[in-house]
file query-v8.txt (compact mmCIF, C-alpha atoms and all ligand atoms)
# COMPACT_ATOMS: atom_id res chain seq x y z
CA MET A 115 -2.98 -19.03 3.77
CA GLN A 116 -0.01 -18.94 1.43
CA THR A 117 2.81 -16.49 2.25
CA LEU A 118 3.57 -14.05 -0.57
CA ILE A 119 5.93 -11.60 1.13
CA GLU A 120 8.57 -12.83 3.54
CA ILE A 121 10.52 -10.21 5.47
CA ASN A 122 13.46 -11.61 7.38
CA LYS A 123 15.48 -9.76 10.03
CA LEU A 124 15.09 -6.45 8.28
CA ASN A 125 16.93 -3.43 9.62
CA LEU A 126 16.71 -0.05 7.93
CA PHE A 127 18.87 2.98 8.61
CA TYR A 128 18.32 6.57 7.47
CA THR A 129 22.02 7.47 7.61
CA ALA A 130 22.66 6.88 11.34
CA PHE A 131 19.01 6.64 12.42
CA HIS A 132 17.85 3.07 12.98
CA ALA A 133 14.25 3.21 11.71
CA LEU A 134 13.35 -0.50 11.40
CA LYS A 135 14.70 -3.00 13.90
CA ASN A 136 14.93 -6.69 13.16
CA VAL A 137 11.54 -6.94 11.47
CA SER A 138 10.46 -10.44 10.43
CA LEU A 139 6.99 -10.96 8.97
CA LYS A 140 5.20 -13.35 6.66
CA ILE A 141 2.47 -11.59 4.73
CA PRO A 142 -0.15 -13.85 3.15
CA GLU A 143 -1.40 -13.51 -0.41
CA LYS A 144 -4.90 -12.37 -1.32
CA ALA A 145 -5.67 -10.83 2.03
CA ILE A 146 -5.46 -7.39 3.61
CA THR A 147 -2.66 -6.81 6.08
CA ALA A 148 -2.73 -3.56 8.07
CA PHE A 149 0.24 -1.79 9.67
CA ILE A 150 -0.75 0.25 12.71
CA GLY A 151 1.15 2.16 15.38
CA PRO A 152 1.86 5.69 16.56
CA SER A 153 3.34 8.34 14.31
CA GLY A 154 6.99 7.73 13.47
CA CYS A 155 7.03 4.01 14.37
CA GLY A 156 8.15 2.97 10.87
CA LYS A 157 4.93 1.87 9.12
CA SER A 158 5.49 3.86 5.92
CA THR A 159 9.18 3.04 5.94
CA LEU A 160 8.43 -0.67 5.93
CA LEU A 161 5.75 -0.26 3.25
CA ARG A 162 8.24 1.58 1.01
CA THR A 163 10.77 -1.24 1.30
CA LEU A 164 8.28 -3.59 -0.39
CA ASN A 165 8.64 -1.91 -3.79
CA ARG A 166 12.01 -0.32 -3.13
CA MET A 167 10.68 3.22 -3.01
CA ASN A 168 13.25 3.71 -0.24
CA ASP A 169 15.97 3.41 -2.93
CA MET A 170 15.05 6.99 -3.82
CA ILE A 171 15.89 8.33 -0.36
CA PRO A 172 19.61 9.13 -0.11
CA GLY A 173 21.39 7.67 2.90
CA THR A 174 18.98 4.73 3.28
CA ARG A 175 20.60 1.38 3.99
CA ILE A 176 19.02 -1.97 4.70
CA GLU A 177 20.16 -5.25 6.20
CA GLY A 178 18.19 -8.49 6.05
CA THR A 179 16.01 -9.78 3.23
CA ILE A 180 12.60 -9.34 1.64
CA ALA A 181 11.36 -12.06 -0.67
CA ILE A 182 8.25 -11.78 -2.80
CA GLY A 183 7.06 -15.08 -4.23
CA GLY A 184 10.41 -16.53 -3.20
CA THR A 185 12.55 -13.92 -5.02
CA ASP A 186 14.84 -11.64 -3.02
CA ILE A 187 13.72 -8.20 -4.25
CA TYR A 188 17.03 -6.59 -3.24
CA SER A 189 19.16 -8.97 -5.29
CA ASN A 190 21.17 -7.49 -8.16
CA GLU A 191 19.16 -9.40 -10.74
CA VAL A 192 15.89 -7.70 -9.83
CA ASP A 193 14.76 -4.96 -12.19
CA VAL A 194 13.20 -2.24 -10.03
CA GLU A 195 10.76 -1.09 -12.74
CA THR A 196 9.41 -4.62 -13.10
CA LEU A 197 9.16 -4.91 -9.32
CA ARG A 198 7.14 -1.67 -9.10
CA LYS A 199 4.83 -2.92 -11.84
CA LYS A 200 4.13 -5.98 -9.69
CA VAL A 201 3.92 -3.97 -6.46
CA GLY A 202 1.71 -0.95 -7.05
CA MET A 203 1.31 1.89 -4.58
CA VAL A 204 -1.34 4.43 -3.62
CA PHE A 205 -0.46 7.42 -1.45
CA GLN A 206 -2.14 9.62 1.13
CA GLN A 207 -2.87 12.43 -1.31
CA PRO A 208 -4.46 11.34 -4.59
CA ASN A 209 -1.81 12.13 -7.20
CA PRO A 210 -3.28 11.76 -10.68
CA PHE A 211 -1.15 12.96 -13.59
CA PRO A 212 -2.20 16.24 -15.25
CA LYS A 213 -3.78 14.24 -18.06
CA SER A 214 -7.18 12.91 -19.03
CA ILE A 215 -8.86 10.13 -17.04
CA TYR A 216 -8.14 7.75 -19.95
CA ASP A 217 -4.49 8.74 -20.27
CA ASN A 218 -3.89 8.34 -16.55
CA ILE A 219 -4.87 4.68 -16.78
CA ALA A 220 -3.24 4.05 -20.17
CA TYR A 221 0.04 5.64 -19.05
CA GLY A 222 1.58 2.52 -17.43
CA PRO A 223 0.49 0.05 -20.12
CA ARG A 224 1.83 2.42 -22.83
CA LEU A 225 5.11 2.68 -20.94
CA HIS A 226 5.30 -1.09 -21.04
CA GLY A 227 4.85 -1.11 -24.80
CA ILE A 228 1.11 -1.54 -25.35
CA ARG A 229 0.07 0.63 -28.31
CA ASN A 230 -3.00 -1.13 -29.68
CA ARG A 231 -6.00 1.14 -29.15
CA GLN A 232 -8.52 -1.62 -28.59
CA GLN A 233 -6.26 -3.30 -26.07
CA LEU A 234 -5.75 -0.01 -24.24
CA ASP A 235 -9.51 0.66 -24.26
CA GLU A 236 -10.05 -2.72 -22.63
CA ILE A 237 -7.41 -2.14 -19.98
CA VAL A 238 -8.87 1.29 -19.18
CA GLU A 239 -12.39 -0.08 -18.87
CA ASN A 240 -11.37 -3.13 -16.82
CA SER A 241 -9.22 -1.08 -14.45
CA LEU A 242 -11.95 1.51 -13.93
CA ARG A 243 -14.50 -1.23 -13.37
CA ALA A 244 -12.20 -2.92 -10.86
CA SER A 245 -11.84 0.32 -8.92
CA VAL A 246 -15.63 0.88 -9.10
CA LEU A 247 -15.26 4.17 -10.97
CA TRP A 248 -16.38 3.14 -14.46
CA ASP A 249 -20.03 4.09 -14.15
CA GLU A 250 -19.14 7.55 -12.88
CA VAL A 251 -16.61 8.39 -15.60
CA LYS A 252 -17.38 6.28 -18.67
CA ASP A 253 -19.02 9.18 -20.52
CA HIS A 254 -16.15 11.61 -20.05
CA LEU A 255 -12.90 9.71 -20.21
CA LYS A 256 -11.27 12.60 -22.05
CA ARG A 257 -11.84 15.01 -19.18
CA SER A 258 -8.96 16.01 -16.96
CA ALA A 259 -8.39 13.77 -13.96
CA PHE A 260 -8.46 16.95 -11.88
CA SER A 261 -12.16 17.35 -12.68
CA LEU A 262 -12.85 14.43 -10.32
CA SER A 263 -13.53 14.68 -6.58
CA GLY A 264 -10.79 13.67 -4.14
CA GLY A 265 -12.37 10.26 -3.52
CA GLN A 266 -12.79 9.66 -7.27
CA GLN A 267 -9.19 10.73 -7.85
CA GLN A 268 -8.04 8.17 -5.29
CA ARG A 269 -10.06 5.42 -7.03
CA LEU A 270 -8.48 6.61 -10.30
CA CYS A 271 -5.04 6.19 -8.72
CA ILE A 272 -6.02 2.67 -7.65
CA ALA A 273 -7.22 1.96 -11.22
CA ARG A 274 -3.91 3.32 -12.54
CA ALA A 275 -2.01 0.93 -10.28
CA LEU A 276 -4.23 -2.00 -11.37
CA ALA A 277 -3.75 -1.22 -15.08
CA VAL A 278 -0.28 -2.76 -15.13
CA ASN A 279 -1.53 -5.97 -13.58
CA PRO A 280 0.16 -5.98 -10.17
CA ASP A 281 0.13 -8.79 -7.60
CA ILE A 282 0.39 -6.47 -4.63
CA LEU A 283 -1.20 -3.13 -3.82
CA LEU A 284 0.40 -0.96 -1.15
CA MET A 285 -1.87 1.69 0.38
CA ASP A 286 -0.12 4.35 2.45
CA GLU A 287 -2.86 6.10 4.47
CA ALA A 288 -4.86 6.07 1.26
CA THR A 289 -8.02 7.42 2.87
CA SER A 290 -6.69 9.92 5.38
CA ALA A 291 -7.24 12.89 3.05
CA LEU A 292 -10.79 11.80 2.16
CA ASP A 293 -14.27 12.45 3.55
CA PRO A 294 -16.08 9.61 5.37
CA ILE A 295 -18.17 8.52 2.37
CA SER A 296 -15.18 8.36 0.04
CA THR A 297 -13.28 6.53 2.78
CA LEU A 298 -16.01 3.94 3.02
CA LYS A 299 -15.97 3.46 -0.76
CA ILE A 300 -12.21 2.83 -0.74
CA GLU A 301 -12.60 0.41 2.18
CA GLU A 302 -15.31 -1.50 0.28
CA LEU A 303 -13.14 -1.46 -2.80
CA ALA A 304 -10.20 -2.92 -0.85
CA GLN A 305 -12.48 -5.72 0.36
CA GLU A 306 -13.42 -6.53 -3.22
CA LEU A 307 -9.87 -6.35 -4.52
CA LYS A 308 -8.42 -8.68 -1.92
CA ASP A 309 -9.82 -11.70 -3.76
CA ARG A 310 -7.45 -10.91 -6.59
CA TYR A 311 -4.63 -8.89 -5.03
CA THR A 312 -2.52 -8.90 -1.90
CA ILE A 313 -3.09 -5.63 -0.09
CA VAL A 314 -0.84 -4.07 2.52
CA MET A 315 -2.18 -0.89 4.09
CA VAL A 316 -0.74 1.63 6.50
CA THR A 317 -3.41 3.33 8.54
CA HIS A 318 -3.55 5.79 11.40
CA ASN A 319 -7.09 4.75 11.94
CA MET A 320 -7.40 1.71 14.18
CA HIS A 321 -11.10 1.39 13.40
CA GLN A 322 -10.24 1.12 9.73
CA ALA A 323 -7.70 -1.63 10.40
CA ALA A 324 -10.30 -3.45 12.51
CA ARG A 325 -12.98 -3.04 9.82
CA VAL A 326 -11.11 -4.05 6.72
CA SER A 327 -7.96 -6.06 7.41
CA ASN A 328 -7.45 -9.78 7.92
CA GLN A 329 -4.12 -9.43 9.74
CA THR A 330 -2.76 -6.53 11.72
CA VAL A 331 0.81 -5.68 12.62
CA PHE A 332 1.37 -3.30 15.54
CA PHE A 333 4.67 -1.37 15.45
CA LEU A 334 6.42 0.66 18.10
CA ASN A 335 9.75 2.48 17.64
CA GLY A 336 10.63 0.54 14.50
CA GLU A 337 9.87 -2.86 16.00
CA VAL A 338 7.03 -5.32 15.50
CA VAL A 339 5.29 -5.65 18.84
CA GLU A 340 2.51 -7.95 17.73
CA TYR A 341 1.29 -9.57 14.53
CA ALA A 342 -1.98 -11.47 14.61
CA ASP A 343 -5.33 -12.02 12.98
CA THR A 344 -7.10 -8.69 13.18
CA GLU A 345 -9.94 -10.05 15.26
CA LYS A 346 -7.54 -11.54 17.79
CA LEU A 347 -5.30 -8.47 17.95
CA PHE A 348 -8.19 -6.12 18.68
CA SER A 349 -10.16 -8.40 21.02
CA ASN A 350 -7.45 -10.26 22.86
CA PRO A 351 -3.97 -8.80 22.30
CA SER A 352 -1.02 -10.76 23.68
CA ASP A 353 1.18 -7.78 24.51
CA GLN A 354 0.37 -5.12 27.08
CA ARG A 355 1.69 -2.39 24.73
CA THR A 356 -0.80 -3.45 22.05
CA GLU A 357 -3.57 -3.36 24.61
CA ASP A 358 -2.52 0.13 25.73
CA TYR A 359 -2.40 1.39 22.15
CA ILE A 360 -5.70 -0.03 20.95
CA SER A 361 -7.47 1.18 24.05
CA GLY A 362 -6.22 4.69 23.32
CA ARG A 363 -3.78 5.01 26.22
CA PHE A 364 -1.11 6.47 23.91
CA GLY A 365 -0.45 7.36 20.28
N1 LIG B 1 13.65 10.29 4.59
C1 LIG B 1 13.89 10.17 5.90
N2 LIG B 1 15.06 10.57 6.42
C2 LIG B 1 15.33 10.45 7.75
N3 LIG B 1 14.46 9.94 8.64
C3 LIG B 1 13.27 9.54 8.18
C4 LIG B 1 12.92 9.63 6.79
N4 LIG B 1 11.66 9.15 6.64
C5 LIG B 1 11.23 8.78 7.87
N5 LIG B 1 12.20 9.01 8.79
C6 LIG B 1 12.12 8.72 10.24
O1 LIG B 1 11.92 7.33 10.40
C7 LIG B 1 10.96 7.07 11.41
C8 LIG B 1 9.82 6.27 10.85
O2 LIG B 1 9.10 7.10 9.92
P1 LIG B 1 7.84 6.57 9.12
O3 LIG B 1 7.38 7.68 8.24
O4 LIG B 1 8.13 5.27 8.52
O5 LIG B 1 6.80 6.36 10.31
P2 LIG B 1 5.24 6.13 10.27
O6 LIG B 1 4.96 5.12 11.32
O7 LIG B 1 4.80 5.83 8.90
O8 LIG B 1 4.73 7.54 10.75
P3 LIG B 1 3.40 8.37 10.34
O9 LIG B 1 2.26 7.55 10.86
O10 LIG B 1 3.58 9.66 11.05
O11 LIG B 1 3.41 8.50 8.85
C9 LIG B 1 10.56 8.42 11.98
O12 LIG B 1 11.32 8.69 13.12
C10 LIG B 1 10.91 9.39 10.87
O13 LIG B 1 11.24 10.65 11.39

call {"tool": "encode", "arguments": {"input": "query-v8.txt", "output": "structure tokens"}}
result
Amino acid sequence: MQTLIEINKLNLFYTAFHALKNVSLKIPEKAITAFIGPSGCGKSTLLRTLNRMNDMIPGTRIEGTIAIGGTDIYSNEVDVETLRKKVGMVFQQPNPFPKSIYDNIAYGPRLHGIRNRQQLDEIVENSLRASVLWDEVKDHLKRSAFSLSGGQQQRLCIARALAVNPDILLMDEATSALDPISTLKIEELAQELKDRYTIVMVTHNMHQAARVSNQTVFFLNGEVVEYADTEKLFSNPSDQRTEDYISGRFG
């Protein structure tokens, strides 16, 4: 598998607190990579570095490099807005805009200069189809996004991220606020999307990582303990700490 994201000797500090320690990882394209580990081990912090969301947190400093498709995303030449278009993100709580379903999806494309109605209609339909929401909403696109259920809102947020044509989709505990059926739908959706997008997901739920991901990274105290094919990591971990964690001895 081809590497898309290459993290090299990454250290991240929140002021004096050393949150990520010497992290090096090669994340392959068009696959699902899961970050697991106990609360506070740095999963979300690492995810946020991939589209520079950490830039928004005062006092954050990084050392080391992250390259996406060979480009150092922290170099001065990189435009952060363009990076975030290419690296979309979905959060724990669905966060649609207080707008119609249609306008939620059209928001990003409009921001990037697309005004043509027919073109926007196509993007809205394709994005909603890709997030498997089209059939449920096609007859009321003008309704508020808040009229949707939590699970539908999360699929809307995924569609919104897809509308600007990203390469990478970051999912930060994207199902932890959802009921089991909605969770399953998002997991199935992730499986479908991985043929076209590179997905990196943070999850508290080891079963979810085992069910949906191709690779799993296990973190502890800001360090990578083990990175392996998901099947291998869950059936035959190399490190005793991984074994202890996946068998529920801590965390
Ligand atoms: N904005 C911040 N300022 C200071 N410290 C922070 C900040 N965000 C996170 N941290 C600290 O960095 C460490 C890693 O946090 P992070 O949220 O990345 O962990 P996590 O593995 O995603 O945890 P969880 O599973 O609970 O979400 C924790 O000790 C946390 O307290």

call {"tool": "residues_around", "arguments": {"input": "query-v8.txt", "residues": "range 231-236 of chain A", "least_positions_apart": "6", "cutoff": "12 Å", "atoms": "all atoms listed in the file", "output": "list in words"}}
result
Ile215, Tyr216, Asp217, Asn218, Ile219, Ala220, Tyr221, Gly222, Pro223, Arg224, Leu225, Leu242, Arg243, Ala244, Trp248, Lys252, Leu255, Ala277 and Val278 of chain A

call {"tool": "axis_aligned_box", "arguments": {"input": "query-v8.txt", "around": "range 260-271 of chain A", "padding_each_side": "3 Å", "output": "AutoDock Vina command-line options"}}
result
--center_x -9.3 --center_y 11.4 --center_z -8.1 --size_x 14.5 --size_y 17.9 --size_z 15.2

call {"tool": "closest_atom_pairs", "arguments": {"input": "query-v8.txt", "of": "chain A", "to": "ligand LIG 1 (chain B)", "cutoff": "9 Å", "atoms": "only C-alpha atoms and all ligand atoms", "output": "JSON lines"}}
result
{"residue": "A:Phe127", "atom": "CA", "partner": "B:LIG1", "partner_atom": "N3", "distance": 8.2}
{"residue": "A:Tyr128", "atom": "CA", "partner": "B:LIG1", "partner_atom": "C2", "distance": 4.9}
{"residue": "A:Thr129", "atom": "CA", "partner": "B:LIG1", "partner_atom": "C2", "distance": 7.3}
{"residue": "A:Ala130", "atom": "CA", "partner": "B:LIG1", "partner_atom": "C2", "distance": 8.9}
{"residue": "A:Phe131", "atom": "CA", "partner": "B:LIG1", "partner_atom": "N3", "distance": 6.8}
{"residue": "A:His132", "atom": "CA", "partner": "B:LIG1", "partner_atom": "O1", "distance": 7.7}
{"residue": "A:Ala133", "atom": "CA", "partner": "B:LIG1", "partner_atom": "O1", "distance": 4.9}
{"residue": "A:Leu134", "atom": "CA", "partner": "B:LIG1", "partner_atom": "C8", "distance": 7.7}
{"residue": "A:Phe149", "atom": "CA", "partner": "B:LIG1", "partner_atom": "O6", "distance": 8.5}
{"residue": "A:Ile150", "atom": "CA", "partner": "B:LIG1", "partner_atom": "O6", "distance": 7.6}
{"residue": "A:Gly151", "atom": "CA", "partner": "B:LIG1", "partner_atom": "O6", "distance": 6.3}
{"residue": "A:Pro152", "atom": "CA", "partner": "B:LIG1", "partner_atom": "O9", "distance": 6.0}
{"residue": "A:Ser153", "atom": "CA", "partner": "B:LIG1", "partner_atom": "O10", "distance": 3.5}
{"residue": "A:Gly154", "atom": "CA", "partner": "B:LIG1", "partner_atom": "O5", "distance": 3.4}
{"residue": "A:Cys155", "atom": "CA", "partner": "B:LIG1", "partner_atom": "O6", "distance": 3.8}
{"residue": "A:Gly156", "atom": "CA", "partner": "B:LIG1", "partner_atom": "O4", "distance": 3.3}
{"residue": "A:Lys157", "atom": "CA", "partner": "B:LIG1", "partner_atom": "O6", "distance": 3.9}
{"residue": "A:Ser158", "atom": "CA", "partner": "B:LIG1", "partner_atom": "O7", "distance": 3.6}
{"residue": "A:Thr159", "atom": "CA", "partner": "B:LIG1", "partner_atom": "O4", "distance": 3.6}
{"residue": "A:Leu160", "atom": "CA", "partner": "B:LIG1", "partner_atom": "O4", "distance": 6.5}
{"residue": "A:Leu161", "atom": "CA", "partner": "B:LIG1", "partner_atom": "O4", "distance": 8.0}
{"residue": "A:Arg162", "atom": "CA", "partner": "B:LIG1", "partner_atom": "O4", "distance": 8.4}
{"residue": "A:Asn168", "atom": "CA", "partner": "B:LIG1", "partner_atom": "N1", "distance": 8.2}
{"residue": "A:Ile171", "atom": "CA", "partner": "B:LIG1", "partner_atom": "N1", "distance": 5.8}
{"residue": "A:Pro172", "atom": "CA", "partner": "B:LIG1", "partner_atom": "N1", "distance": 7.7}
{"residue": "A:Gly173", "atom": "CA", "partner": "B:LIG1", "partner_atom": "N2", "distance": 7.8}
{"residue": "A:Thr174", "atom": "CA", "partner": "B:LIG1", "partner_atom": "N2", "distance": 7.7}
{"residue": "A:Asp286", "atom": "CA", "partner": "B:LIG1", "partner_atom": "O7", "distance": 8.2}
{"residue": "A:Glu287", "atom": "CA", "partner": "B:LIG1", "partner_atom": "O11", "distance": 8.0}
{"residue": "A:Val316", "atom": "CA", "partner": "B:LIG1", "partner_atom": "O7", "distance": 7.4}
{"residue": "A:Thr317", "atom": "CA", "partner": "B:LIG1", "partner_atom": "O9", "distance": 7.4}
{"residue": "A:His318", "atom": "CA", "partner": "B:LIG1", "partner_atom": "O9", "distance": 6.1}
{"residue": "A:Phe333", "atom": "CA", "partner": "B:LIG1", "partner_atom": "O6", "distance": 7.7}
{"residue": "A:Leu334", "atom": "CA", "partner": "B:LIG1", "partner_atom": "O6", "distance": 8.2}
{"residue": "A:Asn335", "atom": "CA", "partner": "B:LIG1", "partner_atom": "C8", "distance": 7.8}
{"residue": "A:Gly336", "atom": "CA", "partner": "B:LIG1", "partner_atom": "C8", "distance": 6.8}

call {"tool": "residues_around", "arguments": {"input": "query-v8.txt", "residues": "Asp293 in chain A", "least_positions_apart": "5", "cutoff": "10 Å", "atoms": "all atoms listed in the file", "output": "number ranges by chain"}}
result
A: 264-265, 298

call {"tool": "closest_residue", "arguments": {"input": "query-v8.txt", "among": "A:Ser349, A:Ser138, A:Gln207, A:Gln116", "to": "Gly178 in chain A", "atoms": "only C-alpha atoms"}}
result
A:Ser138

call {"tool": "atom_distance", "arguments": {"input": "query-v8.txt", "atom1": "CA of Leu283 in chain A", "atom2": "CA of Ala148 in chain A"}}
result
12.0 Å

call {"tool": "decode", "arguments": {"input": "query-v8.txt", "residues": "range 196-217 of chain A", "atoms": "N, CA and C atoms", "output": "PDB file, in the first residue's frame"}}
result
ATOM      1  N   THR A 196      -6.362  25.629   2.180  1.00  0.00           N
ATOM      2  CA  THR A 196      -6.282  24.598   1.135  1.00  0.00           C
ATOM      3  C   THR A 196      -6.022  23.242   1.763  1.00  0.00           C
ATOM      4  N   LEU A 197      -5.150  23.223   2.781  1.00  0.00           N
ATOM      5  CA  LEU A 197      -4.863  21.967   3.476  1.00  0.00           C
ATOM      6  C   LEU A 197      -6.149  21.403   4.086  1.00  0.00           C
ATOM      7  N   ARG A 198      -6.944  22.256   4.734  1.00  0.00           N
ATOM      8  CA  ARG A 198      -8.155  21.768   5.419  1.00  0.00           C
ATOM      9  C   ARG A 198      -9.229  21.330   4.421  1.00  0.00           C
ATOM     10  N   LYS A 199      -9.161  21.867   3.218  1.00  0.00           N
ATOM     11  CA  LYS A 199     -10.062  21.407   2.156  1.00  0.00           C
ATOM     12  C   LYS A 199      -9.684  19.968   1.779  1.00  0.00           C
ATOM     13  N   LYS A 200      -8.395  19.707   1.759  1.00  0.00           N
ATOM     14  CA  LYS A 200      -7.904  18.374   1.363  1.00  0.00           C
ATOM     15  C   LYS A 200      -7.985  17.376   2.514  1.00  0.00           C
ATOM     16  N   VAL A 201      -8.010  17.901   3.739  1.00  0.00           N
ATOM     17  CA  VAL A 201      -8.044  17.035   4.922  1.00  0.00           C
ATOM     18  C   VAL A 201      -9.259  17.428   5.761  1.00  0.00           C
ATOM     19  N   GLY A 202     -10.392  16.797   5.444  1.00  0.00           N
ATOM     20  CA  GLY A 202     -11.641  17.128   6.117  1.00  0.00           C
ATOM     21  C   GLY A 202     -11.717  16.476   7.492  1.00  0.00           C
ATOM     22  N   MET A 203     -12.628  16.988   8.329  1.00  0.00           N
ATOM     23  CA  MET A 203     -12.697  16.452   9.690  1.00  0.00           C
ATOM     24  C   MET A 203     -14.143  16.365  10.168  1.00  0.00           C
ATOM     25  N   VAL A 204     -14.410  15.287  10.901  1.00  0.00           N
ATOM     26  CA  VAL A 204     -15.730  15.095  11.512  1.00  0.00           C
ATOM     27  C   VAL A 204     -15.499  14.872  13.006  1.00  0.00           C
ATOM     28  N   PHE A 205     -16.331  15.510  13.826  1.00  0.00           N
ATOM     29  CA  PHE A 205     -16.085  15.534  15.268  1.00  0.00           C
ATOM     30  C   PHE A 205     -17.038  14.608  16.017  1.00  0.00           C
ATOM     31  N   GLN A 206     -16.813  14.557  17.329  1.00  0.00           N
ATOM     32  CA  GLN A 206     -17.624  13.682  18.186  1.00  0.00           C
ATOM     33  C   GLN A 206     -19.107  14.070  18.152  1.00  0.00           C
ATOM     34  N   GLN A 207     -19.367  15.359  18.346  1.00  0.00           N
ATOM     35  CA  GLN A 207     -20.747  15.829  18.294  1.00  0.00           C
ATOM     36  C   GLN A 207     -21.023  16.311  16.874  1.00  0.00           C
ATOM     37  N   PRO A 208     -22.098  15.803  16.256  1.00  0.00           N
ATOM     38  CA  PRO A 208     -22.443  16.357  14.932  1.00  0.00           C
ATOM     39  C   PRO A 208     -22.592  17.876  15.062  1.00  0.00           C
ATOM     40  N   ASN A 209     -21.994  18.622  14.139  1.00  0.00           N
ATOM     41  CA  ASN A 209     -22.034  20.083  14.277  1.00  0.00           C
ATOM     42  C   ASN A 209     -22.476  20.769  12.987  1.00  0.00           C
ATOM     43  N   PRO A 210     -23.698  20.416  12.502  1.00  0.00           N
ATOM     44  CA  PRO A 210     -24.160  21.108  11.299  1.00  0.00           C
ATOM     45  C   PRO A 210     -24.317  22.607  11.553  1.00  0.00           C
ATOM     46  N   PHE A 211     -24.235  23.392  10.482  1.00  0.00           N
ATOM     47  CA  PHE A 211     -24.485  24.832  10.606  1.00  0.00           C
ATOM     48  C   PHE A 211     -25.988  25.049  10.759  1.00  0.00           C
ATOM     49  N   PRO A 212     -26.380  26.154  11.394  1.00  0.00           N
ATOM     50  CA  PRO A 212     -27.816  26.465  11.498  1.00  0.00           C
ATOM     51  C   PRO A 212     -28.367  26.941  10.158  1.00  0.00           C
ATOM     52  N   LYS A 213     -28.367  26.032   9.203  1.00  0.00           N
ATOM     53  CA  LYS A 213     -28.783  26.344   7.834  1.00  0.00           C
ATOM     54  C   LYS A 213     -29.556  25.142   7.318  1.00  0.00           C
ATOM     55  N   SER A 214     -30.037  25.256   6.084  1.00  0.00           N
ATOM     56  CA  SER A 214     -30.752  24.125   5.495  1.00  0.00           C
ATOM     57  C   SER A 214     -29.763  22.991   5.190  1.00  0.00           C
ATOM     58  N   ILE A 215     -30.331  21.805   4.936  1.00  0.00           N
ATOM     59  CA  ILE A 215     -29.508  20.652   4.556  1.00  0.00           C
ATOM     60  C   ILE A 215     -28.676  21.022   3.328  1.00  0.00           C
ATOM     61  N   TYR A 216     -29.349  21.599   2.330  1.00  0.00           N
ATOM     62  CA  TYR A 216     -28.672  21.986   1.078  1.00  0.00           C
ATOM     63  C   TYR A 216     -27.525  22.959   1.360  1.00  0.00           C
ATOM     64  N   ASP A 217     -27.825  23.992   2.138  1.00  0.00           N
ATOM     65  CA  ASP A 217     -26.813  25.037   2.355  1.00  0.00           C
ATOM     66  C   ASP A 217     -25.638  24.547   3.197  1.00  0.00           C
TER      67      ASP A 217
END
